[in-house]
Structures are given as structure tokens and as C-alpha cells.
There are 2 protein chains.
Amino acid sequence: MSSKGDSCTECFKKSQCLAEKILLSGKSYLGGEIINNIIYRPGDYIYRQGEVCKHLFVIKTGAVKSQIGSIDGIDQIIGFHFSTEVLGFDGLDCNKYVSSVIVLENSIVCAFPRQLVEMFCAVSPDFQRDLIARLSREITHEHQFLMLINKNTAEQRVALFLLDLSIRLGGREVVKIDIILCMSRADIANYLGLVPETISRILSRFELKGVIAVRKKKLKIINMKMLNEYSHRHCCYEIA
Amino acid sequence: MSSKGDSCTECFKKSQCLAEKILLSGKSYLGGEIINNIIYRPGDYIYRQGEVCKHLFVIKTGAVKSQIGSIDGIDQIIGFHFSTEVLGFDGLDCNKYVSSVIVLENSIVCAFPRQLVEMFCAVSPDFQRDLIARLSREITHEHQFLMLINKNTAEQRVALFLLDLSIRLGGREVVKIDIILCMSRADIANYLGLVPETISRILSRFELKGVIAVRKKKLKIINMKMLNEYSHRHCCYEIA
DNA sequence: CGCTACTTTGATAGGACTCAAGGGCTGTGG
DNA sequence: CCACAGCCCTTGAGTCCTATCAAAGTAGCG
């Protein structure tokens with residue numbers, strides 16, 4: 001846990017509004033201090049399901065997965081998160097995190113005391129509106145994902161997953177053609193509601209058809225148009 | 001649209017905090033007025049996907065479904081909602097609702113101007129915290145549902161669906177053994193990521209085994225214990 | 001009473017899982 | 001430096017669950 005930098009301003013601009021505004025007015029407040037540049041290694045937990053929610057986290061660089069463990073011992077991965085994303089919203093309800101966040105590759109993270117965030121909400125209507133919008137967006141995202149799972153074949157899910165990844169890792173670029181799969185096949189499978197074998201088979205099939213090239217964790221999208229087609233439902237009728 | 005009553009206090013107590021506090025301080029504010037006791041009939045829309053989000057809604061009595069239409073014309077039902085529940089959170093991000101809400105049975109609904117809600121947030125930290133908790137809970141709920149869909153068989157999904165309904169419709173009672181299925185088999189199927197035929201088959205099977213009795217829209221849970229068992233994953237190994 | 005929409009039931013087919021075996025990379029230790 | 005274990009990934013064969021297709025039954029409604 002080092003707390004040195006001030007590249008924060010840069011980082012927070014990317015993660016927009018939420019952190020930026022806190023930061024712009026200094027660093028130390030009632031309710032705790034912002035902890036900058038915490039370094040995590042693959043396998044580390046940022047927080048665990050059931051822990052008291054004391055912070056929200058912003059990923060500066062890196063990649064993590066969030067997952068929920070059920071009573072019958074089966075975990076469900078509910079998302080992968082990359083730079084600029086905010087973690088910990090799920091702890092705002094009952095004061096306890098309802099998911100765990102596990103680091104996938106070396107990552108740098110900043111922690112914002114929860115009380116600080118809430119204090120800022122009370123002070124700044126803009127900030128408050130912003131936080132609410134973020135939460136609302138999260139809900140919308142879950143709904144989108146639900147549709148993905150509920151109405152698509154394995155092939156479509158994998159295609160959509162790759163497209164989503166390429167956009168989110170692309171950052172400023174429109175799309176990122178080269179992707180490093182920081183998560184295992186088993187993680188992808190778990191996330192998409194499939195088994196690892198199916199992921200493997202579908203990636204192989206995509207490669208065979210010339211849609212992608214994949215070797216271990218490196219993946220390159222060769223034919224974006226085809227990948228897009230694989231991600232769509234094959235309707236036999238025209239749609240309004 | 002009638003605006004007569006004052007049984008509101010009662011209703012809002014049930015839906016807790018959110019509306020109650022607004023109401024307790026009178027009825028008219030900057031930003032618009034609360035509209036009480038709007039009456040809807042089956043098939044009516046409370047709001048439509050894409051509409052500007054001007055209100056949050058509280059269901060006083062009745063039942064509704066919320067759904068999202070995708071570009072390829074296929075709708076996905078994302079939830080069923082009953083008395084005391086709040087609708088419209090998904091409109092808080094982009095100012096437009098991203099789902100539609102359709103009424104399933106005669107319902108009475110109250111509408112709260114969005115600006116009013118936001119104003120109240122700014123004034124009352126408690127209220128704000130409450131709204132954020134509600135949103136956070138919504139996210140958690142989506143995660144739970146995702147697990148249901150992602151990791152369970154059709155039989156388990158239906159069993160879990162019935163258990164959920166019995167609890168939510170039960171209100172103060174621990175469980176409600178008699179359930180009126182206000183939604184069609186097709187709606188249930190859509191929600192659970194299945195086809196209507198499968199729902200029908202599974203309900204028949206449950207009836208055959210003496211778990212439930214079902215005739216059209218009336219459903220009675222005969223053997224709660226068995227239904228619970230059907231809802232669990234059948235592990236072949238013991239779990240920690 | 002007949003129309004329509006919804007539901008039920010049956011037969012069939014296909015997609016994804018399960019089980020099983022083999023291959024490749026990584027790290028450790030001799 | 002090489003051998004080996006462990007983990008992850010890949011590939012194949014077979015099975016099961018659920019969707020699909022088809023048809024008949026039922027209820028609601030004008």
C-alpha cells in the first residue's frame with residue numbers, strides 16, 4: 001500500500017465525475033482519507049463478500065472479476081472490470097459487500113471512504129445526481145446482460161462477450177483488435193453460464209472460420225464483421 | 001386518473017421510507033405534485049421504454065411486469081412487481097426509461113415527480129441514503145436473478161419462481177400458499193429464459209408429484225418442503 | 001355459438017453438458 | 001539442464017435437457 005502519487009487527477013478524469021470532484025477539493029476530510037495507488041497481485045481480494053463496506057474503489061489500472069458465492073458453494077462471476085471502473089456499489093445497501101472482487105492481473109486501485117462519498121452527496125447535488133445515475137446505469141447494464149444470457153446461444157454469448165471486451169479495453173480507440181484474455185476459460189464460462197469446454201470449442205470454431213486468431217491468452221479479432229454476425233440472433237423474419 | 005384519497009399514508013408506510021417522508025411534509029412542492037391513485041387496467045402501460053423519465057411510481061395495489069425490447073424485436077421480461085414496490089429507477093441515468101412497464105391486473109399507482117425525489121435527496125441525507133440503498137438493493141437483486149438463470153435447470157427455475165412469488169405475495173404472512181398467477185405462461189417462460197411449453201410441462205409434473213395444485217391461473221402449494229427440494233441443486237457431493 | 005388466444009400434451013431434434021483422454025505450458029527440484 | 005507434477009486448455013464421444021414443431025383441448029368474449 002503506497003500512497004505517493006498525484007497522477008490521480010489524470011486517472012480520475014477518466015473515471016469521471018465521481019472521484020474527480022472529491023479530489024479537486026483536496027484530499028483529507030471528515031470520514032477518512034483517500035488511499036491512493038494500492039497495488040494488488042493476481043489472486044488478491046479487493047474485498048470479500050460479507051465484509052463491512054467501508055470503501056468504494058476505483059481501478060486505476062488492471063483487471064478484476066467480481067463474483068457471488070451461493071449457499072450451495074457454487075460461485076457465479078457477475079462481471080469483469082477494468083481501468084476507470086468503480087467497485088463496491090453493492091455494499092451501499094446493507095453495509096456489507098454482497099460480492100467478492102478478485103484481482104486478475106497486477107492492478108493499481110484507489111479507495112474512497114464510503115462516508116466521504118456520502119458526505120459529498122449531501123453537499124453537492126450534482127455529485128449526488130451523478131452517483132444515482134451510476135447506480136441506475138449499473139441496473140441497466142445488469143438487464144442487458146440478463147438478456148444476453150436468457151435469449152442467446154452459446155455461440156452468440158461468446159461473440160458478444162468478445163465484442164464487449166474489445167470495446168471496453170479499447171478505451172479511446174473505437175475498438176481494440178488485439179485482446180489479452182486476463183481471465184481463464186473457466187471464468188468466461190462461469191460468467192456466460194456455460195462450461196469451459198464449450199468456450200474452448202467455440203473459440204476454436206471461430207478461429208477455423210477466420211473470425212479470430214487465438215493462442216492461449218492472446219486473442220486477435222480478424223474479421224469484426226463476421227464476429228458481429230455471429231453475435232446476432234438469426235431471425236428468419238424481418239423485424240420492425 | 002383520480003386524485004382523491006388519503007389512504008396514502010397507509011400505503012406508503014408499506015412501501016416504506018421513500019414515499020412516506022415526502023408525504024409526511026405535505027403534498028405540493030416545487031417540481032410538481034404527487035398524483036395519487038391512478039387506476040390502470042390490464043394491458044395499460046405505466047411507462048414506455050424511451051419515454052422521458054418524469055416520475056417514479058409506487059404500486060399501491062395490483063401487479064405489473066417490466067420488460068425491455070431489443071433491437072431484434074424480442075422482448076425480455078425483467079421482473080414482476082406487486083404492491084408497495086417502486087418503479088422507474090432505470091430512468092434515473094439517461095432521463096429516459098430503458099424498460100416498459102405493463103399492467104397485468106387492475107392496479108392503483110401513485111406517481112412522484114422525479115424532481116421532487118431529487119429535491120428531497122438534497123434536503124434529507126436520510127432520504128438520500130435510503131434511495132441509494134434501494135438502488136443498491138436492486139443491483140443485488142439482479143445479481144441473484146442472474147444466478148438463478150445461469151446455474152439452474154428449468155425445473156429449479158420454476159420452483160424458485162413459485163417460492164419467490166409465494167413470499168412476495170404473502171406480505172405479512174410468512175408464505176402464501178394460494179397464488180393467483182396474474183401473468184401468462186408465456187410471460188413466466190420469457191422471464192425464466194424458457195418456452196411456454198416447458199412451463200406447462202413442469203407445472204403438470206409438479207402437480208403429478210403432489211407438490212402443487214394448479215388450474216389455469218390458480219395455484220396452490222401443497223407440499224412446500226418438496227417444492228423447496230425441487231428448487232435446490234442436486235449435489236452429489238457434500239458442500240462445505 | 002364460433003372465434004381467438006392461451007394452455008396442454010406428444011414426438012422429434014439439436015445444442016450444450018458430462019465424462020474421458022490427451023497436449024501444452026509453468027514452476028519446482030533434483 | 002532436464003524430469004516431472006500440476007494446472008489449464010483442447011478435443012472427442014455419448015447423453016440429457018430443453019426447444020421446436022404439431023395438434024388438440026379449454027376458456028373468454030363478442
# chains A, B, ... in the order shown; residues from 1 in each chain; ligands from 1
call {"tool": "interface_residues", "arguments": {"of": "chain A", "to": "chain C", "cutoff": "10 Å", "atoms": "only C-alpha atoms (C1' of nucleotides)", "output": "ChimeraX atom specification"}}
result
/A:153-154,194-195,197-198,216
call {"tool": "write_last_selection", "arguments": {"atoms": "all heavy atoms", "output": "JSON list (two decimals), in the first residue's frame"}}
result
[["chain", "number", "residue", "atom", "x", "y", "z"],
["A", 153, "THR", "N", -27.71, -18.17, -27.84],
["A", 153, "THR", "CA", -26.99, -19.44, -27.83],
["A", 153, "THR", "C", -25.58, -19.21, -27.31],
["A", 153, "THR", "O", -25.13, -18.08, -27.15],
["A", 153, "THR", "CB", -26.89, -20.00, -29.25],
["A", 153, "THR", "OG1", -26.10, -19.10, -30.02],
["A", 153, "THR", "CG2", -28.25, -20.15, -29.89],
["A", 154, "ALA", "N", -24.89, -20.32, -27.07],
["A", 154, "ALA", "CA", -23.52, -20.24, -26.57],
["A", 154, "ALA", "C", -22.65, -19.43, -27.54],
["A", 154, "ALA", "O", -21.85, -18.59, -27.12],
["A", 154, "ALA", "CB", -22.96, -21.64, -26.38],
["A", 194, "LEU", "N", -21.94, -21.11, -19.10],
["A", 194, "LEU", "CA", -21.57, -22.25, -19.93],
["A", 194, "LEU", "C", -20.50, -23.06, -19.20],
["A", 194, "LEU", "O", -20.17, -22.77, -18.07],
["A", 194, "LEU", "CB", -21.03, -21.75, -21.28],
["A", 194, "LEU", "CG", -21.98, -20.87, -22.10],
["A", 194, "LEU", "CD1", -21.24, -20.18, -23.24],
["A", 194, "LEU", "CD2", -23.14, -21.70, -22.64],
["A", 195, "VAL", "N", -19.95, -24.09, -19.86],
["A", 195, "VAL", "CA", -18.84, -24.84, -19.28],
["A", 195, "VAL", "C", -17.57, -24.54, -20.09],
["A", 195, "VAL", "O", -17.66, -24.17, -21.25],
["A", 195, "VAL", "CB", -19.13, -26.36, -19.27],
["A", 195, "VAL", "CG1", -20.25, -26.69, -18.30],
["A", 195, "VAL", "CG2", -19.42, -26.88, -20.66],
["A", 197, "GLU", "N", -15.37, -26.28, -21.56],
["A", 197, "GLU", "CA", -15.24, -27.00, -22.83],
["A", 197, "GLU", "C", -15.96, -26.27, -23.97],
["A", 197, "GLU", "O", -15.46, -26.21, -25.09],
["A", 197, "GLU", "CB", -15.81, -28.42, -22.70],
["A", 197, "GLU", "CG", -15.03, -29.34, -21.79],
["A", 197, "GLU", "CD", -15.61, -29.39, -20.41],
["A", 197, "GLU", "OE1", -16.04, -28.33, -19.92],
["A", 197, "GLU", "OE2", -15.63, -30.48, -19.81],
["A", 198, "THR", "N", -17.13, -25.75, -23.65],
["A", 198, "THR", "CA", -17.90, -25.06, -24.68],
["A", 198, "THR", "C", -17.17, -23.81, -25.16],
["A", 198, "THR", "O", -17.13, -23.53, -26.36],
["A", 198, "THR", "CB", -19.30, -24.70, -24.15],
["A", 198, "THR", "OG1", -19.95, -25.89, -23.71],
["A", 198, "THR", "CG2", -20.14, -24.03, -25.21],
["A", 216, "LYS", "N", -3.63, -19.26, -26.49],
["A", 216, "LYS", "CA", -3.59, -19.04, -25.04],
["A", 216, "LYS", "C", -4.39, -17.80, -24.67],
["A", 216, "LYS", "O", -5.57, -17.73, -24.97],
["A", 216, "LYS", "CB", -2.13, -18.89, -24.58],
["A", 216, "LYS", "CG", -1.40, -20.21, -24.52],
["A", 216, "LYS", "CD", -1.70, -20.91, -23.21],
["A", 216, "LYS", "CE", -1.89, -22.41, -23.47],
["A", 216, "LYS", "NZ", -2.62, -23.06, -22.37]]
call {"tool": "calpha_fit_and_write", "arguments": {"fixed": "chain A", "moving": "chain B", "output": "mmCIF file with C-alpha atoms, in the first residue's frame"}}
result
data_model
loop_
_atom_site.group_PDB
_atom_site.id
_atom_site.type_symbol
_atom_site.label_atom_id
_atom_site.label_comp_id
_atom_site.auth_asym_id
_atom_site.auth_seq_id
_atom_site.Cartn_x
_atom_site.Cartn_y
_atom_site.Cartn_z
ATOM 1 C CA MET B 1 -0.115 -0.139 0.027
ATOM 2 C CA SER B 2 1.784 2.861 -1.200
ATOM 3 C CA SER B 3 0.307 6.319 -1.142
ATOM 4 C CA LYS B 4 2.593 8.454 -3.156
ATOM 5 C CA GLY B 5 1.251 9.725 -6.357
ATOM 6 C CA ASP B 6 -0.537 12.529 -7.930
ATOM 7 C CA SER B 7 -1.139 11.060 -11.322
ATOM 8 C CA CYS B 8 -4.551 10.737 -9.714
ATOM 9 C CA THR B 9 -5.981 13.753 -11.382
ATOM 10 C CA GLU B 10 -5.317 12.119 -14.692
ATOM 11 C CA CYS B 11 -6.779 8.793 -13.634
ATOM 12 C CA PHE B 12 -9.839 10.274 -12.083
ATOM 13 C CA LYS B 13 -10.640 12.303 -15.100
ATOM 14 C CA LYS B 14 -11.025 9.063 -16.916
ATOM 15 C CA SER B 15 -13.271 7.590 -14.284
ATOM 16 C CA GLN B 16 -15.117 10.878 -14.457
ATOM 17 C CA CYS B 17 -17.158 12.919 -12.097
ATOM 18 C CA LEU B 18 -17.343 10.594 -9.127
ATOM 19 C CA ALA B 19 -13.821 10.766 -7.868
ATOM 20 C CA GLU B 20 -12.706 13.860 -9.640
ATOM 21 C CA LYS B 21 -14.870 16.158 -7.651
ATOM 22 C CA ILE B 22 -13.807 14.719 -4.371
ATOM 23 C CA LEU B 23 -10.240 15.081 -5.369
ATOM 24 C CA LEU B 24 -10.384 18.569 -6.703
ATOM 25 C CA SER B 25 -11.109 19.953 -3.297
ATOM 26 C CA GLY B 26 -8.145 18.381 -1.536
ATOM 27 C CA LYS B 27 -7.475 15.023 -0.037
ATOM 28 C CA SER B 28 -8.357 14.862 3.606
ATOM 29 C CA TYR B 29 -11.812 15.073 5.106
ATOM 30 C CA LEU B 30 -14.007 14.060 7.925
ATOM 31 C CA GLY B 31 -14.823 10.440 7.474
ATOM 32 C CA GLY B 32 -11.460 9.217 6.368
ATOM 33 C CA GLU B 33 -8.788 9.676 3.815
ATOM 34 C CA ILE B 34 -8.491 8.551 0.253
ATOM 35 C CA ILE B 35 -5.929 5.803 -0.141
ATOM 36 C CA ASN B 36 -4.106 6.088 -3.421
ATOM 37 C CA ASN B 37 -2.374 3.556 -5.561
ATOM 38 C CA ILE B 38 -2.899 0.344 -3.697
ATOM 39 C CA ILE B 39 -1.084 -2.403 -5.546
ATOM 40 C CA TYR B 40 -2.739 -5.794 -5.964
ATOM 41 C CA ARG B 41 -1.455 -9.052 -7.438
ATOM 42 C CA PRO B 42 -3.431 -11.713 -9.295
ATOM 43 C CA GLY B 43 -5.533 -13.695 -6.863
ATOM 44 C CA ASP B 44 -5.721 -10.906 -4.261
ATOM 45 C CA TYR B 45 -9.113 -9.933 -2.937
ATOM 46 C CA ILE B 46 -10.028 -6.252 -3.028
ATOM 47 C CA TYR B 47 -12.969 -7.077 -0.834
ATOM 48 C CA ARG B 48 -14.860 -10.155 0.224
ATOM 49 C CA GLN B 49 -18.531 -10.967 0.262
ATOM 50 C CA GLY B 50 -19.882 -10.253 3.733
ATOM 51 C CA GLU B 51 -17.232 -7.728 4.733
ATOM 52 C CA VAL B 52 -18.366 -4.370 6.040
ATOM 53 C CA CYS B 53 -18.462 -1.845 3.233
ATOM 54 C CA LYS B 54 -16.089 0.911 4.214
ATOM 55 C CA HIS B 55 -14.848 1.990 0.812
ATOM 56 C CA LEU B 56 -15.701 2.386 -2.798
ATOM 57 C CA PHE B 57 -12.824 1.558 -5.117
ATOM 58 C CA VAL B 58 -11.682 2.948 -8.432
ATOM 59 C CA ILE B 59 -9.497 0.790 -10.654
ATOM 60 C CA LYS B 60 -6.620 2.876 -11.910
ATOM 61 C CA THR B 61 -5.048 0.173 -13.994
ATOM 62 C CA GLY B 62 -5.590 -3.568 -14.140
ATOM 63 C CA ALA B 63 -8.404 -6.048 -14.300
ATOM 64 C CA VAL B 64 -10.604 -7.771 -11.746
ATOM 65 C CA LYS B 65 -13.576 -10.105 -11.580
ATOM 66 C CA SER B 66 -16.474 -9.828 -9.171
ATOM 67 C CA GLN B 67 -18.332 -12.890 -8.036
ATOM 68 C CA ILE B 68 -21.029 -14.057 -5.678
ATOM 69 C CA GLY B 69 -20.860 -17.295 -3.749
ATOM 70 C CA SER B 70 -24.156 -19.043 -3.112
ATOM 71 C CA ILE B 71 -25.110 -21.234 -0.193
ATOM 72 C CA ASP B 72 -24.564 -24.364 -2.226
ATOM 73 C CA GLY B 73 -20.942 -23.446 -2.758
ATOM 74 C CA ILE B 74 -21.180 -22.523 -6.404
ATOM 75 C CA ASP B 75 -19.717 -19.184 -7.396
ATOM 76 C CA GLN B 76 -21.182 -16.990 -10.062
ATOM 77 C CA ILE B 77 -18.983 -14.428 -11.746
ATOM 78 C CA ILE B 78 -21.079 -11.345 -12.270
ATOM 79 C CA GLY B 79 -18.639 -9.135 -14.075
ATOM 80 C CA PHE B 80 -15.160 -8.229 -15.217
ATOM 81 C CA HIS B 81 -13.915 -4.737 -14.536
ATOM 82 C CA PHE B 82 -11.075 -2.675 -15.950
ATOM 83 C CA SER B 83 -9.459 0.747 -15.523
ATOM 84 C CA THR B 84 -11.642 3.670 -14.548
ATOM 85 C CA GLU B 85 -14.453 1.496 -13.251
ATOM 86 C CA VAL B 86 -15.896 1.901 -9.767
ATOM 87 C CA LEU B 87 -16.351 -1.041 -7.419
ATOM 88 C CA GLY B 88 -18.367 -1.509 -4.264
ATOM 89 C CA PHE B 89 -21.817 -0.185 -5.065
ATOM 90 C CA ASP B 90 -23.357 -3.424 -3.893
ATOM 91 C CA GLY B 91 -22.226 -2.660 -0.361
ATOM 92 C CA LEU B 92 -24.285 0.510 -0.093
ATOM 93 C CA ASP B 93 -27.501 -1.264 0.789
ATOM 94 C CA CYS B 94 -26.777 -3.394 3.855
ATOM 95 C CA ASN B 95 -23.349 -2.004 4.700
ATOM 96 C CA LYS B 96 -21.866 -5.307 3.643
ATOM 97 C CA TYR B 97 -20.506 -6.231 0.278
ATOM 98 C CA VAL B 98 -22.625 -8.908 -1.330
ATOM 99 C CA SER B 99 -19.928 -9.863 -3.800
ATOM 100 C CA SER B 100 -16.217 -10.508 -3.754
ATOM 101 C CA VAL B 101 -13.741 -8.831 -6.044
ATOM 102 C CA ILE B 102 -10.692 -10.817 -7.103
ATOM 103 C CA VAL B 103 -7.749 -9.376 -9.003
ATOM 104 C CA LEU B 104 -6.863 -10.955 -12.348
ATOM 105 C CA GLU B 105 -3.669 -9.105 -13.222
ATOM 106 C CA ASN B 106 -1.387 -6.646 -11.452
ATOM 107 C CA SER B 107 -3.626 -3.736 -10.633
ATOM 108 C CA ILE B 108 -3.526 -0.336 -9.028
ATOM 109 C CA VAL B 109 -6.572 0.769 -7.125
ATOM 110 C CA CYS B 110 -7.655 3.781 -5.098
ATOM 111 C CA ALA B 111 -10.012 3.528 -2.149
ATOM 112 C CA PHE B 112 -12.593 6.144 -1.194
ATOM 113 C CA PRO B 113 -14.087 6.024 2.280
ATOM 114 C CA ARG B 114 -17.767 5.445 1.987
ATOM 115 C CA GLN B 115 -18.642 8.163 4.456
ATOM 116 C CA LEU B 116 -16.690 10.577 2.359
ATOM 117 C CA VAL B 117 -18.753 9.692 -0.669
ATOM 118 C CA GLU B 118 -21.959 10.101 1.267
ATOM 119 C CA MET B 119 -20.843 13.381 2.704
ATOM 120 C CA PHE B 120 -20.110 14.635 -0.737
ATOM 121 C CA CYS B 121 -23.541 13.623 -1.871
ATOM 122 C CA ALA B 122 -25.089 15.759 0.799
ATOM 123 C CA VAL B 123 -22.954 18.750 -0.093
ATOM 124 C CA SER B 124 -23.119 18.568 -3.837
ATOM 125 C CA PRO B 125 -26.419 17.890 -5.629
ATOM 126 C CA ASP B 126 -24.485 17.345 -8.834
ATOM 127 C CA PHE B 127 -22.351 14.734 -7.235
ATOM 128 C CA GLN B 128 -25.389 13.064 -5.757
ATOM 129 C CA ARG B 129 -27.178 13.020 -9.059
ATOM 130 C CA ASP B 130 -24.090 11.550 -10.556
ATOM 131 C CA LEU B 131 -23.848 8.728 -8.085
ATOM 132 C CA ILE B 132 -27.498 7.890 -8.531
ATOM 133 C CA ALA B 133 -27.051 7.900 -12.304
ATOM 134 C CA ARG B 134 -24.147 5.513 -11.926
ATOM 135 C CA LEU B 135 -26.216 3.138 -9.842
ATOM 136 C CA SER B 136 -29.058 3.378 -12.281
ATOM 137 C CA ARG B 137 -26.687 2.612 -15.127
ATOM 138 C CA GLU B 138 -25.464 -0.420 -13.253
ATOM 139 C CA ILE B 139 -29.033 -1.703 -13.063
ATOM 140 C CA THR B 140 -29.502 -1.131 -16.774
ATOM 141 C CA HIS B 141 -26.298 -2.974 -17.472
ATOM 142 C CA GLU B 142 -27.477 -5.953 -15.456
ATOM 143 C CA HIS B 143 -30.672 -5.995 -17.483
ATOM 144 C CA GLN B 144 -28.719 -5.993 -20.710
ATOM 145 C CA PHE B 145 -26.621 -8.857 -19.497
ATOM 146 C CA LEU B 146 -29.673 -10.755 -18.425
ATOM 147 C CA MET B 147 -30.977 -10.539 -21.960
ATOM 148 C CA LEU B 148 -27.681 -11.798 -23.270
ATOM 149 C CA ILE B 149 -27.868 -14.872 -21.092
ATOM 150 C CA ASN B 150 -31.549 -15.502 -21.404
ATOM 151 C CA LYS B 151 -32.038 -15.269 -25.124
ATOM 152 C CA ASN B 152 -28.830 -16.249 -26.855
ATOM 153 C CA THR B 153 -26.999 -19.417 -27.819
ATOM 154 C CA ALA B 154 -23.525 -20.224 -26.585
ATOM 155 C CA GLU B 155 -22.011 -18.997 -29.840
ATOM 156 C CA GLN B 156 -23.814 -15.675 -29.618
ATOM 157 C CA ARG B 157 -22.820 -15.201 -25.999
ATOM 158 C CA VAL B 158 -19.149 -15.716 -26.748
ATOM 159 C CA ALA B 159 -19.292 -13.397 -29.754
ATOM 160 C CA LEU B 160 -21.018 -10.714 -27.679
ATOM 161 C CA PHE B 161 -18.521 -11.210 -24.893
ATOM 162 C CA LEU B 162 -15.604 -10.632 -27.244
ATOM 163 C CA LEU B 163 -17.230 -7.579 -28.777
ATOM 164 C CA ASP B 164 -17.876 -6.135 -25.349
ATOM 165 C CA LEU B 165 -14.294 -6.764 -24.303
ATOM 166 C CA SER B 166 -12.915 -5.196 -27.447
ATOM 167 C CA ILE B 167 -14.916 -2.052 -26.856
ATOM 168 C CA ARG B 168 -14.212 -1.768 -23.151
ATOM 169 C CA LEU B 169 -10.505 -2.454 -23.469
ATOM 170 C CA GLY B 170 -10.293 -0.187 -26.482
ATOM 171 C CA GLY B 171 -10.593 2.938 -24.379
ATOM 172 C CA ARG B 172 -10.350 5.951 -26.616
ATOM 173 C CA GLU B 173 -9.934 3.832 -29.724
ATOM 174 C CA VAL B 174 -13.110 2.725 -31.392
ATOM 175 C CA VAL B 175 -12.319 -0.945 -30.986
ATOM 176 C CA LYS B 176 -9.352 -2.908 -29.822
ATOM 177 C CA ILE B 177 -8.478 -5.674 -32.209
ATOM 178 C CA ASP B 178 -5.847 -7.291 -30.010
ATOM 179 C CA ILE B 179 -7.164 -8.544 -26.712
ATOM 180 C CA ILE B 180 -5.371 -10.115 -23.793
ATOM 181 C CA LEU B 181 -7.772 -12.485 -22.089
ATOM 182 C CA CYS B 182 -6.798 -11.862 -18.501
ATOM 183 C CA MET B 183 -9.371 -14.366 -17.258
ATOM 184 C CA SER B 184 -9.357 -18.140 -17.635
ATOM 185 C CA ARG B 185 -11.686 -20.053 -19.932
ATOM 186 C CA ALA B 186 -13.397 -21.312 -16.816
ATOM 187 C CA ASP B 187 -14.062 -17.733 -15.714
ATOM 188 C CA ILE B 188 -15.530 -16.829 -19.077
ATOM 189 C CA ALA B 189 -17.661 -19.948 -18.995
ATOM 190 C CA ASN B 190 -18.915 -19.255 -15.503
ATOM 191 C CA TYR B 191 -19.764 -15.683 -16.441
ATOM 192 C CA LEU B 192 -21.651 -16.686 -19.577
ATOM 193 C CA GLY B 193 -23.463 -19.618 -18.005
ATOM 194 C CA LEU B 194 -21.545 -22.242 -19.953
ATOM 195 C CA VAL B 195 -18.799 -24.799 -19.317
ATOM 196 C CA PRO B 196 -15.103 -24.285 -20.169
ATOM 197 C CA GLU B 197 -15.185 -26.946 -22.859
ATOM 198 C CA THR B 198 -17.847 -25.028 -24.719
ATOM 199 C CA ILE B 199 -15.802 -21.825 -24.630
ATOM 200 C CA SER B 200 -12.815 -23.671 -25.953
ATOM 201 C CA ARG B 201 -14.815 -25.288 -28.708
ATOM 202 C CA ILE B 202 -16.417 -22.047 -29.821
ATOM 203 C CA LEU B 203 -13.139 -20.148 -29.846
ATOM 204 C CA SER B 204 -11.654 -22.942 -31.965
ATOM 205 C CA ARG B 205 -14.620 -22.780 -34.286
ATOM 206 C CA PHE B 206 -14.316 -19.001 -34.635
ATOM 207 C CA GLU B 207 -10.643 -19.415 -35.432
ATOM 208 C CA LEU B 208 -11.375 -22.073 -38.017
ATOM 209 C CA LYS B 209 -13.828 -19.749 -39.726
ATOM 210 C CA GLY B 210 -11.275 -16.964 -39.772
ATOM 211 C CA VAL B 211 -13.139 -14.711 -37.349
ATOM 212 C CA ILE B 212 -10.419 -14.556 -34.726
ATOM 213 C CA ALA B 213 -6.922 -15.811 -34.013
ATOM 214 C CA VAL B 214 -6.354 -17.126 -30.536
ATOM 215 C CA ARG B 215 -3.363 -18.604 -28.758
ATOM 216 C CA LYS B 216 -3.651 -19.007 -25.038
ATOM 217 C CA LYS B 217 -4.476 -15.608 -23.590
ATOM 218 C CA LYS B 218 -3.794 -13.621 -26.742
ATOM 219 C CA LEU B 219 -6.722 -13.066 -29.007
ATOM 220 C CA LYS B 220 -6.964 -11.059 -32.200
ATOM 221 C CA ILE B 221 -10.155 -10.198 -33.962
ATOM 222 C CA ILE B 222 -9.535 -10.869 -37.646
ATOM 223 C CA ASN B 223 -12.970 -10.244 -39.074
ATOM 224 C CA MET B 224 -15.044 -7.868 -37.016
ATOM 225 C CA LYS B 225 -17.952 -8.037 -39.421
ATOM 226 C CA MET B 226 -18.269 -11.787 -39.110
ATOM 227 C CA LEU B 227 -17.957 -11.616 -35.337
ATOM 228 C CA ASN B 228 -20.809 -9.158 -35.345
ATOM 229 C CA GLU B 229 -22.896 -11.522 -37.400
ATOM 230 C CA TYR B 230 -22.204 -14.382 -35.037
ATOM 231 C CA SER B 231 -23.421 -12.215 -32.196
ATOM 232 C CA HIS B 232 -26.825 -11.629 -33.746
ATOM 233 C CA ARG B 233 -29.886 -13.752 -33.486
ATOM 234 C CA HIS B 234 -30.444 -15.523 -36.782
ATOM 235 C CA CYS B 235 -33.964 -14.461 -37.539
ATOM 236 C CA CYS B 236 -35.849 -16.307 -40.228
ATOM 237 C CA TYR B 237 -38.281 -13.426 -40.521
ATOM 238 C CA GLU B 238 -37.752 -9.724 -41.028
ATOM 239 C CA ILE B 239 -38.211 -7.566 -37.983
ATOM 240 C CA ALA B 240 -40.149 -4.357 -37.728
#
call {"tool": "select_by_dssp", "arguments": {"residues": "segment 100-166 of chain B", "states": "alpha helix (DSSP H)", "output": "ChimeraX atom specification"}}
result
/B:114-123,125-151,154-166
call {"tool": "interface_residues", "arguments": {"of": "chain D", "to": "chain B", "cutoff": "12 Å", "atoms": "only C-alpha atoms (C1' of nucleotides)", "output": "JSON, numbers by chain"}}
result
{"D": [16, 17, 18, 19, 20, 21, 26, 27]}
call {"tool": "select_by_dssp", "arguments": {"residues": "segment 64-210 of chain A", "states": "strand (DSSP E)", "output": "MDAnalysis selection string"}}
result
chainID A and resid 64:69 75:82 86:87 100:113 178:180
